[in-house]
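A.B. asks: Pasting work_23.txt below, which is compact mmCIF, C-alpha atoms and all ligand atoms.
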```
# COMPACT_ATOMS: atom_id res chain seq x y z
CA MET A 30 39.67 90.35 30.10
CA THR A 31 36.40 91.87 28.95
CA THR A 32 33.27 89.93 28.14
CA GLU A 33 30.24 90.99 26.24
CA GLU A 34 26.73 89.71 26.77
CA GLN A 35 24.57 89.44 23.73
CA PRO A 36 21.12 87.92 23.41
CA ALA A 37 20.68 85.27 20.74
CA ARG A 38 19.80 87.33 17.69
CA ASP A 39 16.53 87.47 15.87
CA GLU A 40 18.13 87.67 12.42
CA PRO A 41 17.56 85.23 9.60
CA THR A 42 19.99 82.27 9.56
CA GLY A 43 22.50 81.07 6.99
CA ALA A 44 23.74 84.37 5.63
CA GLU A 45 27.30 83.21 5.08
CA THR A 46 28.84 80.64 2.82
CA PRO A 47 31.89 78.97 4.37
CA ALA A 48 35.23 79.21 2.61
CA ASP A 49 35.18 75.56 1.58
CA GLY A 50 31.88 76.03 -0.21
CA GLY A 51 30.14 73.61 2.17
CA PRO A 52 26.62 74.12 3.50
CA ALA A 53 26.06 77.59 4.94
CA ASP A 54 23.54 76.46 7.57
CA PRO A 55 25.42 75.70 10.82
CA ALA A 56 23.04 72.80 11.50
CA GLU A 57 24.18 71.12 8.28
CA ARG A 58 27.84 71.88 8.81
CA HIS A 59 28.13 70.26 12.19
CA ARG A 60 26.59 67.32 14.02
CA PRO A 61 26.89 67.71 17.77
CA VAL A 62 29.02 64.88 19.14
CA MET A 63 27.42 62.24 21.46
CA LEU A 64 24.41 64.52 21.67
CA ARG A 65 21.86 62.02 23.03
CA ARG A 66 24.22 60.89 25.77
CA CYS A 67 25.10 64.48 26.77
CA LEU A 68 21.39 65.33 27.06
CA ASP A 69 20.70 62.18 29.10
CA LEU A 70 23.56 62.92 31.47
CA LEU A 71 22.35 66.45 32.14
CA ALA A 72 18.59 65.72 32.04
CA PRO A 73 17.89 64.99 35.72
CA ALA A 74 19.27 68.41 36.66
CA LEU A 75 17.52 70.46 33.97
CA ALA A 76 13.84 69.59 34.23
CA GLU A 77 13.00 72.06 37.02
CA PRO A 78 11.80 75.57 36.06
CA GLY A 79 14.53 78.13 36.55
CA ALA A 80 17.37 75.66 35.86
CA THR A 81 20.40 77.24 34.20
CA VAL A 82 22.75 75.30 31.95
CA VAL A 83 26.07 76.67 30.75
CA ASP A 84 27.46 75.60 27.40
CA CYS A 85 31.10 76.58 27.87
CA THR A 86 31.93 75.84 24.22
CA LEU A 87 29.03 77.17 22.21
CA GLY A 88 30.67 76.63 18.78
CA LEU A 89 27.94 76.47 16.18
CA GLY A 90 25.32 76.05 18.90
CA GLY A 91 24.46 72.42 18.13
CA HIS A 92 24.46 71.15 21.70
CA SER A 93 22.91 74.41 22.91
CA GLU A 94 20.03 74.21 20.47
CA ALA A 95 19.26 70.67 21.61
CA LEU A 96 19.50 71.71 25.29
CA LEU A 97 17.06 74.58 24.75
CA SER A 98 14.58 72.49 22.80
CA THR A 99 14.77 69.45 25.10
CA PHE A 100 14.50 71.41 28.36
CA PRO A 101 11.89 74.11 27.73
CA ALA A 102 12.06 75.41 31.31
CA ALA A 103 15.84 75.88 31.26
CA ARG A 104 17.87 79.02 30.60
CA LEU A 105 21.14 78.77 28.71
CA VAL A 106 24.36 80.73 29.11
CA GLY A 107 26.64 80.05 26.14
CA LEU A 108 30.32 80.98 26.08
CA ASP A 109 32.81 81.05 23.26
CA ARG A 110 36.13 82.82 22.80
CA ASP A 111 35.56 82.95 19.04
CA ARG A 112 33.41 85.89 17.90
CA GLU A 113 32.51 84.22 14.62
CA ALA A 114 31.18 81.19 16.52
CA LEU A 115 29.07 83.51 18.69
CA ARG A 116 27.67 85.19 15.63
CA LEU A 117 26.69 81.93 13.92
CA ALA A 118 25.33 80.39 17.13
CA GLY A 119 23.37 83.60 17.75
CA GLU A 120 21.61 83.16 14.42
CA ARG A 121 20.87 79.51 15.09
CA LEU A 122 19.54 80.14 18.60
CA ALA A 123 17.42 83.16 17.61
CA PRO A 124 14.16 81.23 18.20
CA TYR A 125 15.26 80.81 21.83
CA ALA A 126 16.50 84.37 22.28
CA GLY A 127 14.40 84.88 25.42
CA ARG A 128 16.11 82.00 27.21
CA ALA A 129 19.67 82.24 25.91
CA THR A 130 22.50 84.60 26.79
CA LEU A 131 25.63 84.34 24.69
CA VAL A 132 28.88 85.71 26.05
CA HIS A 133 32.26 86.30 24.44
CA ALA A 134 34.56 84.80 27.06
CA VAL A 135 37.27 82.25 27.66
CA TYR A 136 35.66 79.48 29.71
CA ASP A 137 37.92 79.93 32.72
CA GLU A 138 36.10 83.27 33.12
CA LEU A 139 32.92 81.38 34.00
CA PRO A 140 32.81 82.56 37.67
CA GLN A 141 33.04 86.23 36.62
CA VAL A 142 30.46 85.78 33.85
CA LEU A 143 27.97 84.16 36.26
CA ASP A 144 28.67 86.86 38.80
CA ARG A 145 27.86 89.60 36.32
CA LEU A 146 24.71 87.80 35.19
CA GLY A 147 23.61 87.43 38.83
CA VAL A 148 23.49 83.62 38.59
CA PRO A 149 25.11 82.24 41.75
CA ARG A 150 24.74 78.54 40.94
CA VAL A 151 23.89 76.51 37.85
CA GLN A 152 22.28 73.13 37.30
CA GLY A 153 24.24 71.99 34.27
CA VAL A 154 27.59 72.59 32.56
CA LEU A 155 28.73 71.22 29.23
CA PHE A 156 32.19 71.39 27.68
CA ASP A 157 32.70 70.17 24.11
CA LEU A 158 36.41 70.85 23.86
CA GLY A 159 38.64 71.58 20.94
CA VAL A 160 38.03 73.27 17.63
CA SER A 161 34.70 73.59 15.87
CA SER A 162 33.88 72.38 12.36
CA MET A 163 33.67 76.01 11.32
CA GLN A 164 37.20 76.72 12.59
CA LEU A 165 38.52 73.61 10.82
CA ASP A 166 36.62 74.24 7.61
CA GLU A 167 37.65 77.85 7.18
CA ALA A 168 41.11 77.46 5.74
CA GLU A 169 42.27 80.97 6.59
CA ARG A 170 41.99 80.23 10.32
CA GLY A 171 45.00 77.95 9.85
CA PHE A 172 43.84 75.00 12.00
CA ALA A 173 43.92 72.38 9.26
CA TYR A 174 47.21 70.98 7.99
CA ALA A 175 45.59 69.65 4.82
CA GLN A 176 45.32 73.11 3.21
CA ASP A 177 47.93 75.81 2.78
CA ALA A 178 46.84 78.73 4.97
CA PRO A 179 48.27 81.41 7.27
CA LEU A 180 49.65 79.82 10.45
CA ASP A 181 47.17 81.51 12.79
CA MET A 182 45.23 78.98 14.96
CA ARG A 183 43.93 81.57 17.42
CA MET A 184 40.40 80.78 18.49
CA ASP A 185 40.06 84.42 19.50
CA GLN A 186 41.58 86.32 16.60
CA THR A 187 41.47 89.59 18.49
CA ARG A 188 44.33 88.73 20.84
CA GLY A 189 47.45 86.72 21.52
CA PRO A 190 50.30 85.30 19.46
CA SER A 191 49.55 83.22 16.39
CA ALA A 192 51.07 79.84 15.52
CA ALA A 193 53.53 81.65 13.22
CA ASP A 194 54.65 83.86 16.14
CA VAL A 195 55.27 80.76 18.26
CA LEU A 196 57.26 79.04 15.50
CA ASN A 197 59.28 82.13 14.60
CA THR A 198 60.09 83.45 18.07
CA TYR A 199 60.22 80.68 20.68
CA PRO A 200 63.68 79.54 21.75
CA PRO A 201 64.41 76.01 20.46
CA GLY A 202 64.14 74.42 23.92
CA GLU A 203 60.69 75.91 24.42
CA LEU A 204 59.53 74.67 21.03
CA VAL A 205 60.76 71.16 21.84
CA ARG A 206 58.82 71.31 25.13
CA VAL A 207 55.64 72.42 23.35
CA LEU A 208 55.86 69.67 20.71
CA ARG A 209 56.61 66.99 23.30
CA ALA A 210 54.09 68.05 25.94
CA TYR A 211 51.15 69.00 23.74
CA GLY A 212 51.75 66.88 20.64
CA GLU A 213 53.40 63.89 22.33
CA GLU A 214 55.79 64.17 19.36
CA LYS A 215 58.74 61.79 19.77
CA GLN A 216 60.65 63.50 16.97
CA ALA A 217 60.30 66.98 18.51
CA ARG A 218 64.02 67.71 18.55
CA ARG A 219 64.50 66.82 14.88
CA ILE A 220 61.52 68.93 13.83
CA VAL A 221 62.62 71.90 15.92
CA GLU A 222 66.17 71.76 14.53
CA ALA A 223 64.71 71.98 11.04
CA VAL A 224 62.32 74.79 12.04
CA VAL A 225 65.12 76.86 13.58
CA ARG A 226 67.33 76.39 10.51
CA GLU A 227 64.51 77.37 8.18
CA ARG A 228 63.16 80.32 10.13
CA GLU A 229 66.58 81.95 10.04
CA ARG A 230 66.36 81.84 6.28
CA GLU A 231 62.81 83.14 6.21
CA PRO A 232 60.16 83.35 8.95
CA PHE A 233 57.19 80.95 8.68
CA SER A 234 53.89 82.40 7.58
CA HIS A 235 51.93 79.55 5.97
CA SER A 236 51.15 75.95 6.87
CA ALA A 237 52.27 74.13 3.69
CA ARG A 238 55.93 75.00 4.27
CA LEU A 239 55.72 73.63 7.81
CA VAL A 240 53.99 70.44 6.68
CA GLU A 241 56.68 69.87 4.06
CA LEU A 242 59.46 70.56 6.53
CA ILE A 243 58.01 68.03 9.01
CA ARG A 244 57.71 65.43 6.27
CA ASP A 245 61.35 65.94 5.28
CA ALA A 246 62.61 66.01 8.87
CA LEU A 247 61.06 62.73 10.02
CA PRO A 248 62.73 59.36 9.57
CA GLN A 249 60.90 56.91 7.27
CA ALA A 250 59.71 54.72 10.17
CA ALA A 251 58.04 57.66 11.94
CA LYS A 252 56.21 58.61 8.73
CA ARG A 253 54.61 55.19 8.49
CA THR A 254 52.67 55.50 11.77
CA GLY A 255 49.93 57.75 13.11
CA GLY A 256 48.44 59.39 9.99
CA ASN A 257 49.67 62.73 8.69
CA PRO A 258 53.11 63.38 10.21
CA ALA A 259 52.19 67.06 10.78
CA LYS A 260 49.18 66.20 12.94
CA ARG A 261 51.00 66.15 16.29
CA THR A 262 52.90 69.38 15.62
CA PHE A 263 49.70 71.17 14.58
CA GLN A 264 47.89 69.94 17.69
CA ALA A 265 50.79 71.11 19.87
CA LEU A 266 50.88 74.58 18.29
CA ARG A 267 47.12 74.97 18.63
CA ILE A 268 47.19 74.02 22.31
CA GLU A 269 50.07 76.42 22.97
CA VAL A 270 48.57 79.32 21.00
CA ASN A 271 45.28 79.07 22.87
CA GLY A 272 46.73 78.07 26.25
CA GLU A 273 44.19 75.26 26.07
CA LEU A 274 45.34 72.98 28.87
CA ASP A 275 46.10 75.76 31.35
CA VAL A 276 42.67 77.25 30.75
CA LEU A 277 40.96 73.87 31.06
CA GLU A 278 42.82 73.10 34.28
CA ARG A 279 41.32 76.22 35.85
CA ALA A 280 37.93 75.92 34.17
CA VAL A 281 36.79 72.41 35.17
CA PRO A 282 37.21 73.01 38.94
CA SER A 283 35.48 76.41 38.57
CA ALA A 284 32.60 74.75 36.75
CA VAL A 285 32.26 72.15 39.51
CA ASP A 286 32.26 74.98 42.09
CA ALA A 287 29.47 76.70 40.16
CA LEU A 288 27.20 73.62 40.26
CA ALA A 289 24.31 73.59 42.72
CA VAL A 290 23.89 70.35 44.65
CA GLY A 291 22.20 67.98 42.19
CA GLY A 292 23.78 69.88 39.29
CA ARG A 293 25.61 67.94 36.60
CA ILE A 294 28.66 68.42 34.39
CA ALA A 295 29.49 66.67 31.11
CA VAL A 296 32.82 67.04 29.33
CA LEU A 297 33.71 65.85 25.81
CA SER A 298 37.47 65.65 25.20
CA TYR A 299 39.24 64.94 21.93
CA HIS A 300 42.75 63.98 22.94
CA SER A 301 44.34 62.15 25.81
CA LEU A 302 45.87 65.26 27.40
CA GLU A 303 42.44 66.85 27.83
CA ASP A 304 40.79 63.64 28.91
CA ARG A 305 43.48 62.92 31.52
CA LEU A 306 43.05 66.37 32.99
CA VAL A 307 39.25 66.08 33.14
CA LYS A 308 39.51 62.61 34.66
CA ARG A 309 41.90 63.89 37.33
CA VAL A 310 39.61 66.74 38.40
CA LEU A 311 36.38 64.72 38.40
CA SER A 312 37.93 61.67 40.10
CA ALA A 313 39.49 63.86 42.79
CA GLY A 314 36.05 65.36 43.51
CA ALA A 315 34.56 61.88 43.81
CA ARG A 316 37.06 60.71 46.45
CA ASN A 317 36.85 61.36 50.14
CA THR A 318 39.74 63.42 51.40
CA ALA A 319 39.83 62.15 54.97
CA PRO A 320 43.18 61.38 56.55
CA PRO A 321 43.63 57.61 56.63
CA GLY A 322 42.44 55.70 59.69
CA LEU A 323 39.35 57.71 60.67
CA PRO A 324 36.62 55.29 61.81
CA VAL A 325 33.87 57.54 60.39
CA VAL A 326 34.49 60.00 57.54
CA PRO A 327 33.30 63.47 58.68
CA GLU A 328 31.07 65.48 56.35
CA GLN A 329 33.75 67.90 55.26
CA TYR A 330 35.88 65.07 53.87
CA GLN A 331 33.05 63.36 52.00
CA PRO A 332 33.25 63.46 48.19
CA ARG A 333 31.36 66.30 46.60
CA LEU A 334 30.97 64.60 43.23
CA LYS A 335 29.45 61.33 42.07
CA LEU A 336 30.82 60.04 38.77
CA LEU A 337 28.11 59.40 36.18
CA THR A 338 30.27 57.63 33.63
CA ARG A 339 32.35 54.50 34.10
CA GLY A 340 35.71 55.61 32.79
CA ALA A 341 35.26 57.63 29.62
CA GLU A 342 32.39 56.81 27.28
CA VAL A 343 33.04 56.74 23.54
CA PRO A 344 30.82 57.29 20.49
CA THR A 345 29.17 54.30 18.81
CA GLU A 346 30.54 52.94 15.55
CA ASP A 347 27.42 54.23 13.81
CA GLU A 348 28.05 57.75 15.03
CA ILE A 349 31.67 57.62 13.91
CA ALA A 350 30.57 56.33 10.50
CA GLU A 351 28.26 59.35 10.16
CA ASN A 352 30.61 61.91 11.65
CA ARG A 353 34.32 61.19 11.56
CA ARG A 354 35.05 64.14 13.85
CA ALA A 355 33.36 62.20 16.64
CA ALA A 356 35.95 59.40 16.47
CA PRO A 357 38.37 60.60 19.17
CA ALA A 358 35.63 61.81 21.57
CA ARG A 359 35.71 60.77 25.23
CA LEU A 360 32.80 61.74 27.46
CA ARG A 361 32.86 62.03 31.26
CA GLY A 362 30.11 63.21 33.55
CA ALA A 363 29.61 63.87 37.25
CA GLU A 364 26.95 65.13 39.65
CA ARG A 365 27.53 67.55 42.49
CA ILE A 366 26.26 65.76 45.59
CA ARG A 367 27.52 67.93 48.44
CA GLU A 368 28.31 71.55 49.22
CA ALA A 369 31.28 70.93 51.42
CA HIS A 370 34.74 70.63 50.04
CA THR A 371 38.14 70.18 51.56
CA PRO A 372 39.20 73.24 53.55
C1 LIG B 401 33.98 71.59 19.36
S1 LIG B 401 33.41 73.23 19.30
C2 LIG B 401 31.84 73.17 20.06
C3 LIG B 401 30.76 72.73 19.15
C4 LIG B 401 29.37 72.82 19.77
N1 LIG B 401 29.22 71.92 20.88
C5 LIG B 401 28.29 72.59 18.76
O1 LIG B 401 27.53 71.60 18.91
O2 LIG B 401 28.16 73.36 17.80
C6 LIG B 401 34.38 74.02 20.49
C7 LIG B 401 34.17 75.51 20.60
O3 LIG B 401 34.73 75.90 21.85
C8 LIG B 401 35.39 77.12 21.69
N2 LIG B 401 36.44 77.15 22.70
C9 LIG B 401 37.54 76.38 22.74
N3 LIG B 401 38.27 76.70 23.82
C10 LIG B 401 37.59 77.68 24.47
C11 LIG B 401 37.83 78.41 25.66
N4 LIG B 401 38.92 78.19 26.39
N5 LIG B 401 36.92 79.32 26.05
C12 LIG B 401 35.79 79.54 25.30
N6 LIG B 401 35.53 78.89 24.16
C13 LIG B 401 36.41 77.96 23.75
C14 LIG B 401 35.93 77.10 20.28
O4 LIG B 401 36.10 78.44 19.82
C15 LIG B 401 34.82 76.35 19.54
O5 LIG B 401 33.90 77.24 18.97
```
Can I see the file as structure tokens?
C.D. replies:
Amino acid sequence: MTTEEQPARDEPTGAETPADGGPADPAERHRPVMLRRCLDLLAPALAEPGATVVDCTLGLGGHSEALLSTFPAARLVGLDRDREALRLAGERLAPYAGRATLVHAVYDELPQVLDRLGVPRVQGVLFDLGVSSMQLDEAERGFAYAQDAPLDMRMDQTRGPSAADVLNTYPPGELVRVLRAYGEEKQARRIVEAVVREREREPFSHSARLVELIRDALPQAAKRTGGNPAKRTFQALRIEVNGELDVLERAVPSAVDALAVGGRIAVLSYHSLEDRLVKRVLSAGARNTAPPGLPVVPEQYQPRLKLLTRGAEVPTEDEIAENRRAAPARLRGAERIREAHTP
């Protein structure tokens, strides 16, 4: 997969008006989630001159802007798989162009990106997972079930199958697996039976038809719980289309590997599947791996991470009141405390 370095651009900001007619300035369109806490978690690692912090999910550059302004000696590498996000973040971060390098990449490509930039180790890594406000707000991207739009959902619109391709071409058993595994949808079989019946009549292209089909397919009791009945199916399709969990499963261990001793990682997840995966990787790094019964734990079995959060931290009620997209957030952090890891 190719990547493309681009400095943060020196162009004026706010050239575009989003499709929903909302504010054009990225700063107004998006409040970075749990920002203060993310900065505090990373702070001890970023004060030294020459520190590098990687924002693996640049989005609209909200967290990145705060990192660059709070840590004036730090350099930032920002990744996003969405070219439109890179463009908007580039405008926002233009004042920091000398200290920021933005790269079009999927975040599991982090080792290769750092290699090409000649940065062997970094002091901070941030992941703010999921979709950005821009992706949700722009109806034609097809992430939101509330508006009728093409069933796309690709974060990188230059490659890969869309949500419509998944719906129209996957064998029924595969679709059931996707809905169950990534949407935790108990009614997966019912929904898939309806999808298969309908797609034979006419392939799916837009979201409203799918939302209506889900509504009709679900029993009354299932419709009364858990908000919009299409929510779980949309989440599942988005995760499948973007290979989100597979990528994350590779990316978090790579990010930990990239940390210098004393370096810190912070991860914001938005659903239990992501959070479980992050918890598993960070907790495993914080355990010693010695065979049971050793009187003294040798260095190579000592944990290489120290957890910085007790369980997952959540946003305050005030933050949720101001920014409803923060509501599901779960934040975990860890510090790299040792080079050695299990052979
Ligand atoms: C929640 S937004 C980040 C918002 C950002 N923290 C801010 O304050 O503006 C997540 C971003 O991560 C990007 N993204 C999601 N999965 C990715 C992946 N596997 N590799 C690279 N970028 C990814 C999305 O395209 C989106 O722009």
A.B. asks: Counting only C-alpha atoms, figure out which residue out of A:Arg309, A:Arg261, A:Lys335, A:Arg128 gets nearest to A:Pro282.
C.D. replies: A:Arg309
A.B. asks: Counting all atoms listed in the file, give me one row per residue of chain A with an atom at most 8 Å from an atom of ligand LIG 401 (chain B), showing the shortest contact pair and its distance in Å to one decimal, sorted by chain then residue number, as a Markdown table.
C.D. replies:
```
| residue | atom | partner | partner_atom | distance |
| --- | --- | --- | --- | --- |
| A:Pro55 | CA | B:LIG401 | O2 | 7.9 |
| A:His59 | CA | B:LIG401 | O2 | 6.4 |
| A:Arg60 | CA | B:LIG401 | O1 | 6.6 |
| A:Pro61 | CA | B:LIG401 | O1 | 4.1 |
| A:Val62 | CA | B:LIG401 | O1 | 6.9 |
| A:Asp84 | CA | B:LIG401 | N1 | 7.7 |
| A:Cys85 | CA | B:LIG401 | C12 | 6.1 |
| A:Thr86 | CA | B:LIG401 | O3 | 3.7 |
| A:Leu87 | CA | B:LIG401 | C4 | 5.0 |
| A:Gly88 | CA | B:LIG401 | O5 | 3.3 |
| A:Leu89 | CA | B:LIG401 | O2 | 3.5 |
| A:Gly90 | CA | B:LIG401 | O2 | 4.1 |
| A:Gly91 | CA | B:LIG401 | O1 | 3.3 |
| A:His92 | CA | B:LIG401 | O1 | 4.2 |
| A:Ser93 | CA | B:LIG401 | O1 | 6.7 |
| A:Leu108 | CA | B:LIG401 | C12 | 5.7 |
| A:Asp109 | CA | B:LIG401 | N6 | 3.6 |
| A:Arg110 | CA | B:LIG401 | C12 | 4.1 |
| A:Asp111 | CA | B:LIG401 | O4 | 4.6 |
| A:Ala114 | CA | B:LIG401 | O5 | 5.4 |
| A:Leu115 | CA | B:LIG401 | O5 | 7.9 |
| A:Ala118 | CA | B:LIG401 | O2 | 7.6 |
| A:His133 | CA | B:LIG401 | C12 | 7.7 |
| A:Ala134 | CA | B:LIG401 | C12 | 5.7 |
| A:Val135 | CA | B:LIG401 | N5 | 3.4 |
| A:Tyr136 | CA | B:LIG401 | N5 | 3.9 |
| A:Asp137 | CA | B:LIG401 | N4 | 6.6 |
| A:Phe156 | CA | B:LIG401 | N1 | 7.4 |
| A:Asp157 | CA | B:LIG401 | N1 | 5.1 |
| A:Leu158 | CA | B:LIG401 | C6 | 5.1 |
| A:Gly159 | CA | B:LIG401 | C1 | 4.9 |
| A:Val160 | CA | B:LIG401 | C6 | 4.7 |
| A:Ser161 | CA | B:LIG401 | S1 | 3.7 |
| A:Ser162 | CA | B:LIG401 | S1 | 7.0 |
| A:Met163 | CA | B:LIG401 | O5 | 7.8 |
| A:Gln164 | CA | B:LIG401 | O5 | 7.2 |
| A:Met184 | CA | B:LIG401 | O4 | 5.1 |
| A:Asp185 | CA | B:LIG401 | O4 | 7.2 |
| A:Asn271 | CA | B:LIG401 | N4 | 7.3 |
| A:Gly272 | CA | B:LIG401 | N4 | 7.8 |
| A:Glu273 | CA | B:LIG401 | N4 | 6.0 |
| A:Val276 | CA | B:LIG401 | N4 | 5.8 |
| A:Leu277 | CA | B:LIG401 | N4 | 6.7 |
```
A.B. asks: With distances taken over only C-alpha atoms, which of A:Arg65, A:Gly153, A:Ala126, A:Asp177 is nearest to A:Gly79?
C.D. replies: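 Looking only at the distances to A:Gly79, the closest residue turns out to be A:Gly153.
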A.B. asks: For stretch 200-217 of chain A, list every protein, DNA or RNA residue within 8 Å, evaluated using only C-alpha atoms, and leave out those in the same chain fewer than 6 positions away; present the list as a count of residues only.
C.D. replies: 11
A.B. asks: With a distance cut-off of 12 Å and all atoms listed in the file, select the neighbouring residues of A:Pro78, excluding the residue or stretch itself and same-chain residues fewer than 6 positions from it, and output the selection as a PyMOL selection string.
C.D. replies: chain A and resi 100-104+128+152
A.B. asks: What is the distance between atom CA of A:Arg279 and atom CA of A:Leu297, in Å to one decimal?
C.D. replies: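 Rounded to one decimal, the two atoms are 16.3 Å apart.
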A.B. asks: Could you state the separation of atom CA of A:Pro357 and atom CA of A:Ile294 in Å, given to one decimal place?
C.D. replies: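 Result for atom CA of A:Pro357 versus atom CA of A:Ile294: 19.7 Å, one decimal.
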A.B. asks: Have a look at A:Asp144, A:Glu351, A:Asp286, A:Glu113 and name the one nearest to A:Arg365; count only C-alpha atoms.
C.D. replies: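 Of A:Asp144, A:Glu351, A:Asp286, A:Glu113, the one nearest A:Arg365, counting only C-alpha atoms, is A:Asp286.
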A.B. asks: If I take atom CA of A:Ala72 and atom CA of A:Leu336, how far is one from the other in Å, to one decimal?
C.D. replies: 15.1 Å
A.B. asks: For a quick check of understanding, using all atoms listed in the file, which of A:Arg238, A:Arg359, A:Arg293, A:Arg228 has the smallest distance to A:Arg333?
C.D. replies: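 Under the stated criterion, the closest residue is A:Arg293.
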A.B. asks: Would you pick out the contacts of A:Arg170 at 9 Å or less, using all atoms listed in the file, so that residues sharing its chain but fewer than 6 positions from it are not included, and give the list as JSON, numbers by chain?
C.D. replies: {"A": [164, 178, 179, 180, 181, 182, 183, 184, 186]}
A.B. asks: Using C-alpha atoms, can you write the selected residues to a file as a CSV table (one decimal), in the frame of the given file?
C.D. replies:
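Saved as again13.csv:
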```csv
chain,number,residue,atom,x,y,z
A,164,GLN,CA,37.2,76.7,12.6
A,178,ALA,CA,46.8,78.7,5.0
A,179,PRO,CA,48.3,81.4,7.3
A,180,LEU,CA,49.6,79.8,10.4
A,181,ASP,CA,47.2,81.5,12.8
A,182,MET,CA,45.2,79.0,15.0
A,183,ARG,CA,43.9,81.6,17.4
A,184,MET,CA,40.4,80.8,18.5
A,186,GLN,CA,41.6,86.3,16.6
```
A.B. asks: Please list as a list in words every residue within 9 Å of stretch 229-232 of chain A, counting only C-alpha atoms and excluding residues in the same chain fewer than 4 positions away.
C.D. replies: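 The neighbour list is Ala193, Leu196, Asn197, Val224 and Val225 of chain A.
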A.B. asks: Name the residues, using the chain letters and numbers of the file, that sit within 12 Å of (10.4, 80.8, 19.0) when counting all atoms listed in the file, and give them as a PyMOL selection string.
C.D. replies: chain A and resi 37-39+94+97-98+101+121-129
A.B. asks: Given only C-alpha atoms as the basis, pick out the residue of A:Thr81, A:Glu222, A:Val326, A:Ala95 nearest to A:Arg150.
C.D. replies: A:Thr81
A.B. asks: For A:Ala287, which residue out of A:Pro140, A:Gly171, A:Asp69, A:Thr130 is the nearest one, using only C-alpha atoms?
C.D. replies: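 Of the candidates, the smallest distance to A:Ala287 is held by A:Pro140.
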